>>> print(open('input_28.cif').read())   # mmCIF, N, CA and C atoms
data_my_file
#
loop_
_atom_site.label_atom_id
_atom_site.label_comp_id
_atom_site.auth_asym_id
_atom_site.auth_seq_id
_atom_site.Cartn_x
_atom_site.Cartn_y
_atom_site.Cartn_z
N MET A 25 -6.87 -86.55 -177.28
CA MET A 25 -5.67 -86.03 -177.87
C MET A 25 -5.99 -84.72 -178.55
N GLY A 26 -5.11 -83.76 -178.34
CA GLY A 26 -5.33 -82.46 -178.96
C GLY A 26 -4.23 -81.50 -178.61
N SER A 27 -4.36 -80.29 -179.14
CA SER A 27 -3.36 -79.27 -178.85
C SER A 27 -3.64 -78.62 -177.49
N PHE A 28 -4.91 -78.50 -177.11
CA PHE A 28 -5.29 -77.99 -175.79
C PHE A 28 -4.59 -76.68 -175.45
N ASP A 29 -4.72 -75.71 -176.34
CA ASP A 29 -4.07 -74.40 -176.14
C ASP A 29 -5.11 -73.28 -176.25
N PRO A 30 -5.85 -73.03 -175.17
CA PRO A 30 -5.76 -73.62 -173.84
C PRO A 30 -6.72 -74.81 -173.66
N PHE A 31 -6.51 -75.53 -172.57
CA PHE A 31 -7.40 -76.62 -172.15
C PHE A 31 -8.63 -75.96 -171.54
N THR A 32 -9.80 -76.22 -172.10
CA THR A 32 -11.02 -75.51 -171.72
C THR A 32 -11.93 -76.33 -170.81
N ILE A 33 -12.99 -75.68 -170.34
CA ILE A 33 -13.99 -76.39 -169.56
C ILE A 33 -14.72 -77.42 -170.43
N GLY A 34 -14.71 -77.23 -171.73
CA GLY A 34 -15.27 -78.24 -172.64
C GLY A 34 -14.42 -79.49 -172.66
N HIS A 35 -13.09 -79.32 -172.73
CA HIS A 35 -12.18 -80.47 -172.66
C HIS A 35 -12.35 -81.20 -171.33
N ASP A 36 -12.42 -80.41 -170.25
CA ASP A 36 -12.57 -80.99 -168.92
C ASP A 36 -13.87 -81.79 -168.82
N SER A 37 -14.93 -81.28 -169.41
CA SER A 37 -16.21 -81.99 -169.40
C SER A 37 -16.08 -83.36 -170.07
N VAL A 38 -15.41 -83.41 -171.20
CA VAL A 38 -15.21 -84.69 -171.91
C VAL A 38 -14.41 -85.64 -171.03
N VAL A 39 -13.33 -85.15 -170.44
CA VAL A 39 -12.48 -86.00 -169.59
C VAL A 39 -13.30 -86.56 -168.43
N ARG A 40 -14.01 -85.73 -167.74
CA ARG A 40 -14.75 -86.17 -166.55
C ARG A 40 -15.90 -87.12 -166.90
N ARG A 41 -16.51 -86.92 -168.06
CA ARG A 41 -17.62 -87.78 -168.47
C ARG A 41 -17.14 -89.13 -168.97
N VAL A 42 -15.94 -89.19 -169.53
CA VAL A 42 -15.44 -90.45 -170.08
C VAL A 42 -14.63 -91.25 -169.06
N LEU A 43 -14.12 -90.60 -168.04
CA LEU A 43 -13.27 -91.25 -167.05
C LEU A 43 -13.88 -92.52 -166.45
N PRO A 44 -15.18 -92.56 -166.13
CA PRO A 44 -15.74 -93.79 -165.56
C PRO A 44 -15.73 -94.99 -166.51
N LEU A 45 -15.49 -94.76 -167.79
CA LEU A 45 -15.50 -95.86 -168.76
C LEU A 45 -14.18 -96.63 -168.84
N PHE A 46 -13.11 -96.04 -168.30
CA PHE A 46 -11.78 -96.62 -168.47
C PHE A 46 -11.03 -96.68 -167.14
N ASP A 47 -10.12 -97.66 -167.04
CA ASP A 47 -9.26 -97.76 -165.86
C ASP A 47 -8.14 -96.73 -165.90
N ARG A 48 -7.78 -96.32 -167.12
CA ARG A 48 -6.65 -95.41 -167.32
C ARG A 48 -7.00 -94.49 -168.47
N LEU A 49 -6.70 -93.21 -168.31
CA LEU A 49 -6.95 -92.23 -169.36
C LEU A 49 -5.68 -91.42 -169.57
N VAL A 50 -5.17 -91.44 -170.79
CA VAL A 50 -3.98 -90.67 -171.13
C VAL A 50 -4.43 -89.49 -171.98
N ILE A 51 -4.14 -88.30 -171.51
CA ILE A 51 -4.44 -87.10 -172.30
C ILE A 51 -3.18 -86.80 -173.10
N GLY A 52 -3.27 -87.00 -174.41
CA GLY A 52 -2.15 -86.78 -175.31
C GLY A 52 -2.13 -85.34 -175.79
N VAL A 53 -1.07 -84.62 -175.47
CA VAL A 53 -0.93 -83.21 -175.83
C VAL A 53 0.00 -83.11 -177.04
N VAL A 54 -0.53 -82.57 -178.13
CA VAL A 54 0.24 -82.43 -179.36
C VAL A 54 1.47 -81.57 -179.10
N GLY A 55 2.62 -82.11 -179.48
CA GLY A 55 3.87 -81.37 -179.32
C GLY A 55 4.28 -80.62 -180.57
N ASP A 56 3.80 -81.07 -181.73
CA ASP A 56 4.20 -80.46 -182.99
C ASP A 56 3.03 -80.44 -183.96
N ASN A 57 2.28 -79.37 -183.96
CA ASN A 57 1.12 -79.28 -184.83
C ASN A 57 1.45 -78.36 -186.01
N VAL A 58 1.56 -78.94 -187.19
CA VAL A 58 1.93 -78.15 -188.37
C VAL A 58 0.85 -77.14 -188.74
N HIS A 59 -0.40 -77.37 -188.30
CA HIS A 59 -1.48 -76.45 -188.61
C HIS A 59 -1.57 -75.31 -187.60
N LYS A 60 -0.89 -75.46 -186.47
CA LYS A 60 -0.91 -74.43 -185.42
C LYS A 60 0.53 -74.22 -184.93
N PRO A 61 1.34 -73.55 -185.72
CA PRO A 61 2.76 -73.42 -185.36
C PRO A 61 3.05 -72.53 -184.16
N ASN A 62 2.09 -71.72 -183.71
CA ASN A 62 2.34 -70.78 -182.62
C ASN A 62 1.77 -71.24 -181.28
N LEU A 63 1.70 -72.54 -181.07
CA LEU A 63 1.20 -73.07 -179.81
C LEU A 63 2.16 -72.73 -178.67
N HIS A 64 1.59 -72.62 -177.47
CA HIS A 64 2.45 -72.53 -176.29
C HIS A 64 3.24 -73.84 -176.21
N PRO A 65 4.41 -73.82 -175.58
CA PRO A 65 5.22 -75.04 -175.49
C PRO A 65 4.43 -76.20 -174.87
N ALA A 66 4.64 -77.39 -175.39
CA ALA A 66 3.93 -78.58 -174.90
C ALA A 66 4.11 -78.75 -173.40
N GLU A 67 5.31 -78.52 -172.90
CA GLU A 67 5.58 -78.70 -171.46
C GLU A 67 4.69 -77.79 -170.62
N GLU A 68 4.47 -76.57 -171.09
CA GLU A 68 3.62 -75.61 -170.37
C GLU A 68 2.16 -76.10 -170.36
N ARG A 69 1.67 -76.58 -171.49
CA ARG A 69 0.30 -77.08 -171.57
C ARG A 69 0.14 -78.34 -170.73
N ILE A 70 1.13 -79.22 -170.75
CA ILE A 70 1.09 -80.45 -169.95
C ILE A 70 1.06 -80.12 -168.46
N ARG A 71 1.88 -79.18 -168.04
CA ARG A 71 1.92 -78.78 -166.63
C ARG A 71 0.54 -78.26 -166.18
N ALA A 72 -0.08 -77.42 -167.01
CA ALA A 72 -1.38 -76.84 -166.65
C ALA A 72 -2.46 -77.92 -166.55
N ILE A 73 -2.48 -78.84 -167.50
CA ILE A 73 -3.50 -79.91 -167.48
C ILE A 73 -3.23 -80.87 -166.33
N SER A 74 -1.97 -81.21 -166.10
CA SER A 74 -1.63 -82.11 -165.00
C SER A 74 -2.06 -81.55 -163.65
N ALA A 75 -1.97 -80.23 -163.49
CA ALA A 75 -2.38 -79.60 -162.24
C ALA A 75 -3.88 -79.80 -161.99
N ILE A 76 -4.67 -79.76 -163.06
CA ILE A 76 -6.12 -79.93 -162.93
C ILE A 76 -6.45 -81.33 -162.41
N TYR A 77 -5.69 -82.32 -162.86
CA TYR A 77 -6.00 -83.72 -162.53
C TYR A 77 -5.00 -84.32 -161.53
N GLN A 78 -4.38 -83.49 -160.74
CA GLN A 78 -3.38 -83.97 -159.79
C GLN A 78 -3.93 -84.98 -158.79
N ASN A 79 -5.23 -84.94 -158.55
CA ASN A 79 -5.85 -85.86 -157.59
C ASN A 79 -6.58 -87.02 -158.28
N GLU A 80 -6.34 -87.20 -159.57
CA GLU A 80 -6.97 -88.28 -160.34
C GLU A 80 -5.89 -89.27 -160.76
N PRO A 81 -5.66 -90.33 -160.00
CA PRO A 81 -4.57 -91.25 -160.31
C PRO A 81 -4.73 -92.00 -161.64
N ALA A 82 -5.94 -92.07 -162.17
CA ALA A 82 -6.15 -92.79 -163.43
C ALA A 82 -5.82 -91.94 -164.65
N ILE A 83 -5.51 -90.66 -164.44
CA ILE A 83 -5.23 -89.76 -165.56
C ILE A 83 -3.75 -89.45 -165.65
N GLU A 84 -3.20 -89.61 -166.86
CA GLU A 84 -1.83 -89.21 -167.16
C GLU A 84 -1.88 -88.20 -168.29
N VAL A 85 -0.97 -87.25 -168.29
CA VAL A 85 -0.88 -86.25 -169.34
C VAL A 85 0.51 -86.37 -169.95
N LYS A 86 0.54 -86.62 -171.28
CA LYS A 86 1.82 -86.87 -171.94
C LYS A 86 1.87 -86.14 -173.29
N PRO A 87 3.06 -85.76 -173.71
CA PRO A 87 3.19 -85.17 -175.05
C PRO A 87 3.22 -86.26 -176.11
N PHE A 88 2.81 -85.90 -177.31
CA PHE A 88 3.03 -86.83 -178.42
C PHE A 88 3.39 -86.05 -179.68
N TYR A 89 4.16 -86.71 -180.49
CA TYR A 89 4.65 -86.14 -181.74
C TYR A 89 4.31 -87.11 -182.85
N GLY A 90 3.73 -86.61 -183.91
CA GLY A 90 3.37 -87.49 -185.01
C GLY A 90 1.89 -87.80 -184.99
N LEU A 91 1.55 -89.01 -185.40
CA LEU A 91 0.16 -89.41 -185.56
C LEU A 91 -0.46 -89.88 -184.25
N ALA A 92 -1.72 -89.51 -184.04
CA ALA A 92 -2.44 -89.90 -182.84
C ALA A 92 -2.54 -91.42 -182.72
N MET A 93 -2.77 -92.10 -183.85
CA MET A 93 -2.90 -93.57 -183.78
C MET A 93 -1.60 -94.22 -183.34
N ASP A 94 -0.46 -93.66 -183.74
CA ASP A 94 0.83 -94.21 -183.30
C ASP A 94 1.02 -94.01 -181.81
N PHE A 95 0.65 -92.83 -181.32
CA PHE A 95 0.75 -92.56 -179.88
C PHE A 95 -0.18 -93.49 -179.10
N ALA A 96 -1.40 -93.68 -179.59
CA ALA A 96 -2.36 -94.56 -178.92
C ALA A 96 -1.81 -95.97 -178.83
N ARG A 97 -1.26 -96.47 -179.93
CA ARG A 97 -0.68 -97.83 -179.91
C ARG A 97 0.50 -97.90 -178.94
N GLN A 98 1.36 -96.87 -178.95
CA GLN A 98 2.51 -96.83 -178.05
C GLN A 98 2.06 -96.89 -176.59
N GLU A 99 0.91 -96.29 -176.29
CA GLU A 99 0.38 -96.29 -174.92
C GLU A 99 -0.44 -97.54 -174.61
N GLY A 100 -0.61 -98.42 -175.59
CA GLY A 100 -1.40 -99.63 -175.38
C GLY A 100 -2.89 -99.36 -175.35
N ALA A 101 -3.31 -98.26 -175.96
CA ALA A 101 -4.73 -97.88 -175.96
C ALA A 101 -5.48 -98.61 -177.07
N GLN A 102 -6.72 -98.89 -176.81
CA GLN A 102 -7.60 -99.47 -177.82
C GLN A 102 -8.54 -98.42 -178.40
N PHE A 103 -8.65 -97.29 -177.70
CA PHE A 103 -9.60 -96.25 -178.09
C PHE A 103 -8.96 -94.87 -178.02
N ILE A 104 -9.44 -94.00 -178.89
CA ILE A 104 -9.18 -92.56 -178.82
C ILE A 104 -10.53 -91.92 -178.55
N VAL A 105 -10.57 -91.01 -177.59
CA VAL A 105 -11.80 -90.30 -177.26
C VAL A 105 -11.68 -88.87 -177.74
N LYS A 106 -12.71 -88.42 -178.46
CA LYS A 106 -12.73 -87.05 -178.96
C LYS A 106 -14.07 -86.42 -178.65
N GLY A 107 -14.07 -85.14 -178.36
CA GLY A 107 -15.31 -84.40 -178.17
C GLY A 107 -15.71 -83.72 -179.47
N VAL A 108 -17.00 -83.67 -179.73
CA VAL A 108 -17.50 -82.97 -180.92
C VAL A 108 -18.56 -81.96 -180.52
N ARG A 109 -18.43 -80.75 -181.08
CA ARG A 109 -19.36 -79.65 -180.78
C ARG A 109 -20.39 -79.44 -181.87
N SER A 110 -20.05 -79.80 -183.10
CA SER A 110 -20.90 -79.42 -184.22
C SER A 110 -20.80 -80.45 -185.34
N ALA A 111 -21.62 -80.24 -186.37
CA ALA A 111 -21.59 -81.13 -187.53
C ALA A 111 -20.23 -81.08 -188.22
N SER A 112 -19.62 -79.90 -188.29
CA SER A 112 -18.30 -79.80 -188.94
C SER A 112 -17.24 -80.55 -188.12
N ASP A 113 -17.32 -80.47 -186.78
CA ASP A 113 -16.41 -81.27 -185.94
C ASP A 113 -16.61 -82.75 -186.23
N PHE A 114 -17.88 -83.16 -186.31
CA PHE A 114 -18.19 -84.57 -186.55
C PHE A 114 -17.59 -85.05 -187.87
N GLU A 115 -17.76 -84.28 -188.93
CA GLU A 115 -17.23 -84.68 -190.25
C GLU A 115 -15.72 -84.83 -190.21
N TYR A 116 -15.04 -83.88 -189.57
CA TYR A 116 -13.58 -83.94 -189.46
C TYR A 116 -13.16 -85.17 -188.66
N GLU A 117 -13.81 -85.39 -187.52
CA GLU A 117 -13.45 -86.52 -186.67
C GLU A 117 -13.82 -87.85 -187.33
N GLN A 118 -14.85 -87.87 -188.15
CA GLN A 118 -15.27 -89.10 -188.81
C GLN A 118 -14.18 -89.62 -189.74
N TRP A 119 -13.59 -88.76 -190.56
CA TRP A 119 -12.55 -89.26 -191.47
C TRP A 119 -11.28 -89.62 -190.70
N GLN A 120 -10.98 -88.88 -189.63
CA GLN A 120 -9.83 -89.25 -188.81
C GLN A 120 -10.05 -90.62 -188.17
N ALA A 121 -11.25 -90.85 -187.64
CA ALA A 121 -11.59 -92.13 -187.00
C ALA A 121 -11.45 -93.28 -187.99
N ASP A 122 -11.86 -93.03 -189.23
CA ASP A 122 -11.75 -94.07 -190.25
C ASP A 122 -10.29 -94.45 -190.49
N PHE A 123 -9.42 -93.46 -190.62
CA PHE A 123 -7.99 -93.76 -190.82
C PHE A 123 -7.38 -94.41 -189.58
N ASN A 124 -7.74 -93.93 -188.40
CA ASN A 124 -7.21 -94.53 -187.17
C ASN A 124 -7.59 -96.00 -187.06
N ARG A 125 -8.81 -96.34 -187.47
CA ARG A 125 -9.27 -97.73 -187.43
C ARG A 125 -8.61 -98.55 -188.53
N ARG A 126 -8.62 -98.06 -189.76
CA ARG A 126 -8.07 -98.81 -190.89
C ARG A 126 -6.56 -99.00 -190.81
N LEU A 127 -5.86 -97.93 -190.48
CA LEU A 127 -4.40 -97.97 -190.50
C LEU A 127 -3.78 -98.32 -189.15
N GLY A 128 -4.47 -97.99 -188.06
CA GLY A 128 -3.88 -98.19 -186.74
C GLY A 128 -4.58 -99.21 -185.87
N GLY A 129 -5.76 -99.67 -186.31
CA GLY A 129 -6.49 -100.62 -185.48
C GLY A 129 -7.02 -100.00 -184.20
N ILE A 130 -7.18 -98.69 -184.17
CA ILE A 130 -7.64 -97.96 -182.99
C ILE A 130 -9.05 -97.44 -183.25
N GLU A 131 -9.98 -97.76 -182.36
CA GLU A 131 -11.34 -97.25 -182.47
C GLU A 131 -11.41 -95.85 -181.87
N THR A 132 -12.35 -95.05 -182.36
CA THR A 132 -12.57 -93.70 -181.83
C THR A 132 -13.96 -93.63 -181.21
N ILE A 133 -14.02 -93.05 -180.03
CA ILE A 133 -15.29 -92.78 -179.37
C ILE A 133 -15.51 -91.28 -179.44
N LEU A 134 -16.64 -90.88 -180.02
CA LEU A 134 -16.99 -89.47 -180.10
C LEU A 134 -18.01 -89.16 -179.01
N LEU A 135 -17.72 -88.14 -178.23
CA LEU A 135 -18.61 -87.74 -177.15
C LEU A 135 -19.11 -86.34 -177.47
N TYR A 136 -20.42 -86.19 -177.53
CA TYR A 136 -21.00 -84.88 -177.84
C TYR A 136 -20.78 -83.92 -176.69
N THR A 137 -20.48 -82.70 -177.05
CA THR A 137 -20.31 -81.64 -176.07
C THR A 137 -21.64 -81.34 -175.39
N GLU A 138 -21.58 -81.00 -174.13
CA GLU A 138 -22.78 -80.55 -173.44
C GLU A 138 -23.25 -79.27 -174.14
N PRO A 139 -24.55 -79.11 -174.37
CA PRO A 139 -25.04 -77.98 -175.16
C PRO A 139 -24.55 -76.61 -174.69
N GLU A 140 -24.46 -76.41 -173.41
CA GLU A 140 -24.03 -75.10 -172.90
C GLU A 140 -22.56 -74.82 -173.15
N LEU A 141 -21.79 -75.84 -173.58
CA LEU A 141 -20.36 -75.66 -173.85
C LEU A 141 -20.04 -75.68 -175.34
N ALA A 142 -21.06 -75.76 -176.18
CA ALA A 142 -20.84 -75.92 -177.62
C ALA A 142 -20.05 -74.76 -178.25
N SER A 143 -20.13 -73.58 -177.68
CA SER A 143 -19.41 -72.44 -178.28
C SER A 143 -18.00 -72.28 -177.73
N VAL A 144 -17.63 -73.07 -176.75
CA VAL A 144 -16.31 -72.93 -176.12
C VAL A 144 -15.27 -73.68 -176.95
N SER A 145 -14.31 -72.94 -177.49
CA SER A 145 -13.23 -73.56 -178.25
C SER A 145 -11.92 -72.86 -177.91
N SER A 146 -10.85 -73.62 -177.99
CA SER A 146 -9.53 -73.06 -177.70
C SER A 146 -9.21 -71.90 -178.62
N SER A 147 -9.52 -72.04 -179.91
CA SER A 147 -9.18 -70.98 -180.86
C SER A 147 -9.97 -69.70 -180.55
N ALA A 148 -11.25 -69.83 -180.17
CA ALA A 148 -12.03 -68.65 -179.80
C ALA A 148 -11.45 -67.99 -178.56
N LEU A 149 -11.06 -68.81 -177.57
CA LEU A 149 -10.49 -68.25 -176.34
C LEU A 149 -9.16 -67.56 -176.60
N ARG A 150 -8.34 -68.14 -177.48
CA ARG A 150 -7.06 -67.49 -177.83
C ARG A 150 -7.31 -66.13 -178.46
N GLU A 151 -8.31 -66.06 -179.35
CA GLU A 151 -8.61 -64.78 -180.01
C GLU A 151 -9.13 -63.76 -179.01
N LEU A 152 -10.06 -64.17 -178.15
CA LEU A 152 -10.58 -63.25 -177.14
C LEU A 152 -9.46 -62.75 -176.22
N ALA A 153 -8.61 -63.67 -175.76
CA ALA A 153 -7.50 -63.29 -174.88
C ALA A 153 -6.55 -62.33 -175.58
N HIS A 154 -6.32 -62.54 -176.87
CA HIS A 154 -5.46 -61.64 -177.65
C HIS A 154 -5.95 -60.20 -177.58
N PHE A 155 -7.28 -60.03 -177.52
CA PHE A 155 -7.87 -58.70 -177.47
C PHE A 155 -8.16 -58.24 -176.04
N GLY A 156 -7.57 -58.91 -175.07
CA GLY A 156 -7.64 -58.47 -173.69
C GLY A 156 -8.86 -58.92 -172.91
N VAL A 157 -9.64 -59.83 -173.45
CA VAL A 157 -10.82 -60.33 -172.75
C VAL A 157 -10.40 -61.38 -171.73
N ASP A 158 -10.95 -61.29 -170.53
CA ASP A 158 -10.69 -62.28 -169.48
C ASP A 158 -11.47 -63.55 -169.81
N VAL A 159 -10.77 -64.63 -170.12
CA VAL A 159 -11.43 -65.89 -170.50
C VAL A 159 -11.39 -66.92 -169.37
N SER A 160 -11.02 -66.51 -168.17
CA SER A 160 -10.82 -67.45 -167.07
C SER A 160 -12.07 -68.27 -166.75
N GLN A 161 -13.26 -67.74 -167.00
CA GLN A 161 -14.49 -68.50 -166.72
C GLN A 161 -14.62 -69.73 -167.61
N PHE A 162 -13.85 -69.79 -168.70
CA PHE A 162 -13.90 -70.91 -169.63
C PHE A 162 -12.76 -71.91 -169.43
N LEU A 163 -11.97 -71.70 -168.38
CA LEU A 163 -10.82 -72.56 -168.09
C LEU A 163 -11.05 -73.31 -166.79
N PRO A 164 -10.82 -74.62 -166.77
CA PRO A 164 -10.99 -75.36 -165.52
C PRO A 164 -9.94 -74.94 -164.49
N LYS A 165 -10.32 -75.02 -163.25
CA LYS A 165 -9.41 -74.64 -162.17
C LYS A 165 -8.73 -75.87 -161.58
N ALA A 166 -7.46 -75.72 -161.29
CA ALA A 166 -6.72 -76.79 -160.60
C ALA A 166 -7.17 -76.79 -159.14
N PRO A 167 -7.28 -77.98 -158.52
CA PRO A 167 -7.64 -78.02 -157.10
C PRO A 167 -6.58 -77.33 -156.26
N SER A 168 -7.03 -76.77 -155.16
CA SER A 168 -6.10 -76.11 -154.24
C SER A 168 -5.19 -77.15 -153.59
N VAL A 169 -3.94 -76.76 -153.42
CA VAL A 169 -2.98 -77.65 -152.76
C VAL A 169 -3.09 -77.40 -151.28
N GLN A 170 -3.28 -78.47 -150.51
CA GLN A 170 -3.47 -78.35 -149.06
C GLN A 170 -2.14 -78.38 -148.34
#
>>> encode(input="input_28.cif", output="structure tokens")
Amino acid sequence: MGSFDPFTIGHDSVVRRVLPLFDRLVIGVVGDNVHKPNLHPAEERIRAISAIYQNEPAIEVKPFYGLAMDFARQEGAQFIVKGVRSASDFEYEQWQADFNRRLGGIETILLYTEPELASVSSSALRELAHFGVDVSQFLPKAPSVQ
């Protein structure tokens, strides 16, 4: 679950590495993030992510509004999967995981980022793109439609 603006090769790495662990994976796209009010529309982000996984029947991409634990329960999920790049990511995700477990009964699985992707973040890519840098090498490609 995340804002995924944009969805990066780091996000894709987490999805592909965790997919064998579950029969079904729902990628929850934040529709209303009070900390990031200038996100691209959720529908646009969902369309882009769905295109990447169009050939993966176990993956669904859906918007969510409100708390991640509420969305997870609504989807019948027992786990939330999050990627962590650094110690600061870990600390932030640790307190969120605690609340998700205590208040929502949802466990969190933290998956460490592959070392070569540790610097890839949506916020960094947004900033680079703002200044005209081509960030396409950091974005996963949708499979070609035959």
>>> select_by_dssp(input="input_28.cif", residues="region 40-166 of chain A", states="alpha helix (DSSP H)", output="JSON, numbers by chain")
{"A": [40, 41, 42, 66, 67, 68, 69, 70, 71, 72, 73, 74, 75, 76, 92, 93, 94, 95, 96, 97, 98, 111, 112, 113, 114, 115, 116, 117, 118, 119, 120, 121, 122, 123, 124, 125, 126, 127, 128, 146, 147, 148, 149, 150, 151, 152, 153, 154]}
>>> write_last_selection(input="input_28.cif", atoms="N, CA and C atoms", output="compact mmCIF listing (two decimals), keeping the file's coordinate frame")
# COMPACT_ATOMS: atom_id res chain seq x y z
N ARG A 40 -14.01 -85.73 -167.74
CA ARG A 40 -14.75 -86.17 -166.55
C ARG A 40 -15.90 -87.12 -166.90
N ARG A 41 -16.51 -86.92 -168.06
CA ARG A 41 -17.62 -87.78 -168.47
C ARG A 41 -17.14 -89.13 -168.97
N VAL A 42 -15.94 -89.19 -169.53
CA VAL A 42 -15.44 -90.45 -170.08
C VAL A 42 -14.63 -91.25 -169.06
N ALA A 66 4.64 -77.39 -175.39
CA ALA A 66 3.93 -78.58 -174.90
C ALA A 66 4.11 -78.75 -173.40
N GLU A 67 5.31 -78.52 -172.90
CA GLU A 67 5.58 -78.70 -171.46
C GLU A 67 4.69 -77.79 -170.62
N GLU A 68 4.47 -76.57 -171.09
CA GLU A 68 3.62 -75.61 -170.37
C GLU A 68 2.16 -76.10 -170.36
N ARG A 69 1.67 -76.58 -171.49
CA ARG A 69 0.30 -77.08 -171.57
C ARG A 69 0.14 -78.34 -170.73
N ILE A 70 1.13 -79.22 -170.75
CA ILE A 70 1.09 -80.45 -169.95
C ILE A 70 1.06 -80.12 -168.46
N ARG A 71 1.88 -79.18 -168.04
CA ARG A 71 1.92 -78.78 -166.63
C ARG A 71 0.54 -78.26 -166.18
N ALA A 72 -0.08 -77.42 -167.01
CA ALA A 72 -1.38 -76.84 -166.65
C ALA A 72 -2.46 -77.92 -166.55
N ILE A 73 -2.48 -78.84 -167.50
CA ILE A 73 -3.50 -79.91 -167.48
C ILE A 73 -3.23 -80.87 -166.33
N SER A 74 -1.97 -81.21 -166.10
CA SER A 74 -1.63 -82.11 -165.00
C SER A 74 -2.06 -81.55 -163.65
N ALA A 75 -1.97 -80.23 -163.49
CA ALA A 75 -2.38 -79.60 -162.24
C ALA A 75 -3.88 -79.80 -161.99
N ILE A 76 -4.67 -79.76 -163.06
CA ILE A 76 -6.12 -79.93 -162.93
C ILE A 76 -6.45 -81.33 -162.41
N ALA A 92 -1.72 -89.51 -184.04
CA ALA A 92 -2.44 -89.90 -182.84
C ALA A 92 -2.54 -91.42 -182.72
N MET A 93 -2.77 -92.10 -183.85
CA MET A 93 -2.90 -93.57 -183.78
C MET A 93 -1.60 -94.22 -183.34
N ASP A 94 -0.46 -93.66 -183.74
CA ASP A 94 0.83 -94.21 -183.30
C ASP A 94 1.02 -94.01 -181.81
N PHE A 95 0.65 -92.83 -181.32
CA PHE A 95 0.75 -92.56 -179.88
C PHE A 95 -0.18 -93.49 -179.10
N ALA A 96 -1.40 -93.68 -179.59
CA ALA A 96 -2.36 -94.56 -178.92
C ALA A 96 -1.81 -95.97 -178.83
N ARG A 97 -1.26 -96.47 -179.93
CA ARG A 97 -0.68 -97.83 -179.91
C ARG A 97 0.50 -97.90 -178.94
N GLN A 98 1.36 -96.87 -178.95
CA GLN A 98 2.51 -96.83 -178.05
C GLN A 98 2.06 -96.89 -176.59
N ALA A 111 -21.62 -80.24 -186.37
CA ALA A 111 -21.59 -81.13 -187.53
C ALA A 111 -20.23 -81.08 -188.22
N SER A 112 -19.62 -79.90 -188.29
CA SER A 112 -18.30 -79.80 -188.94
C SER A 112 -17.24 -80.55 -188.12
N ASP A 113 -17.32 -80.47 -186.78
CA ASP A 113 -16.41 -81.27 -185.94
C ASP A 113 -16.61 -82.75 -186.23
N PHE A 114 -17.88 -83.16 -186.31
CA PHE A 114 -18.19 -84.57 -186.55
C PHE A 114 -17.59 -85.05 -187.87
N GLU A 115 -17.76 -84.28 -188.93
CA GLU A 115 -17.23 -84.68 -190.25
C GLU A 115 -15.72 -84.83 -190.21
N TYR A 116 -15.04 -83.88 -189.57
CA TYR A 116 -13.58 -83.94 -189.46
C TYR A 116 -13.16 -85.17 -188.66
N GLU A 117 -13.81 -85.39 -187.52
CA GLU A 117 -13.45 -86.52 -186.67
C GLU A 117 -13.82 -87.85 -187.33
N GLN A 118 -14.85 -87.87 -188.15
CA GLN A 118 -15.27 -89.10 -188.81
C GLN A 118 -14.18 -89.62 -189.74
N TRP A 119 -13.59 -88.76 -190.56
CA TRP A 119 -12.55 -89.26 -191.47
C TRP A 119 -11.28 -89.62 -190.70
N GLN A 120 -10.98 -88.88 -189.63
CA GLN A 120 -9.83 -89.25 -188.81
C GLN A 120 -10.05 -90.62 -188.17
N ALA A 121 -11.25 -90.85 -187.64
CA ALA A 121 -11.59 -92.13 -187.00
C ALA A 121 -11.45 -93.28 -187.99
N ASP A 122 -11.86 -93.03 -189.23
CA ASP A 122 -11.75 -94.07 -190.25
C ASP A 122 -10.29 -94.45 -190.49
N PHE A 123 -9.42 -93.46 -190.62
CA PHE A 123 -7.99 -93.76 -190.82
C PHE A 123 -7.38 -94.41 -189.58
N ASN A 124 -7.74 -93.93 -188.40
CA ASN A 124 -7.21 -94.53 -187.17
C ASN A 124 -7.59 -96.00 -187.06
N ARG A 125 -8.81 -96.34 -187.47
CA ARG A 125 -9.27 -97.73 -187.43
C ARG A 125 -8.61 -98.55 -188.53
N ARG A 126 -8.62 -98.06 -189.76
CA ARG A 126 -8.07 -98.81 -190.89
C ARG A 126 -6.56 -99.00 -190.81
N LEU A 127 -5.86 -97.93 -190.48
CA LEU A 127 -4.40 -97.97 -190.50
C LEU A 127 -3.78 -98.32 -189.15
N GLY A 128 -4.47 -97.99 -188.06
CA GLY A 128 -3.88 -98.19 -186.74
C GLY A 128 -4.58 -99.21 -185.87
N SER A 146 -10.85 -73.62 -177.99
CA SER A 146 -9.53 -73.06 -177.70
C SER A 146 -9.21 -71.90 -178.62
N SER A 147 -9.52 -72.04 -179.91
CA SER A 147 -9.18 -70.98 -180.86
C SER A 147 -9.97 -69.70 -180.55
N ALA A 148 -11.25 -69.83 -180.17
CA ALA A 148 -12.03 -68.65 -179.80
C ALA A 148 -11.45 -67.99 -178.56
N LEU A 149 -11.06 -68.81 -177.57
CA LEU A 149 -10.49 -68.25 -176.34
C LEU A 149 -9.16 -67.56 -176.60
N ARG A 150 -8.34 -68.14 -177.48
CA ARG A 150 -7.06 -67.49 -177.83
C ARG A 150 -7.31 -66.13 -178.46
N GLU A 151 -8.31 -66.06 -179.35
CA GLU A 151 -8.61 -64.78 -180.01
C GLU A 151 -9.13 -63.76 -179.01
N LEU A 152 -10.06 -64.17 -178.15
CA LEU A 152 -10.58 -63.25 -177.14
C LEU A 152 -9.46 -62.75 -176.22
N ALA A 153 -8.61 -63.67 -175.76
CA ALA A 153 -7.50 -63.29 -174.88
C ALA A 153 -6.55 -62.33 -175.58
N HIS A 154 -6.32 -62.54 -176.87
CA HIS A 154 -5.46 -61.64 -177.65
C HIS A 154 -5.95 -60.20 -177.58
>>> closest_atom_pairs(input="input_28.cif", of="region 25-142 of chain A", to="region 164-169 of chain A", cutoff="5 Å", atoms="all atoms listed in the file", output="CSV")
residue,atom,partner,partner_atom,distance
A:Thr32,C,A:Pro164,N,4.5
A:Ile33,N,A:Pro164,N,4.3
A:Ala75,C,A:Ala166,CA,4.4
A:Ile76,CA,A:Ala166,CA,4.0
>>> residues_around(input="input_28.cif", residues="Arg48 (chain A)", least_positions_apart="3", cutoff="7 Å", atoms="all atoms listed in the file", output="ChimeraX atom specification")
/A:45,81-84
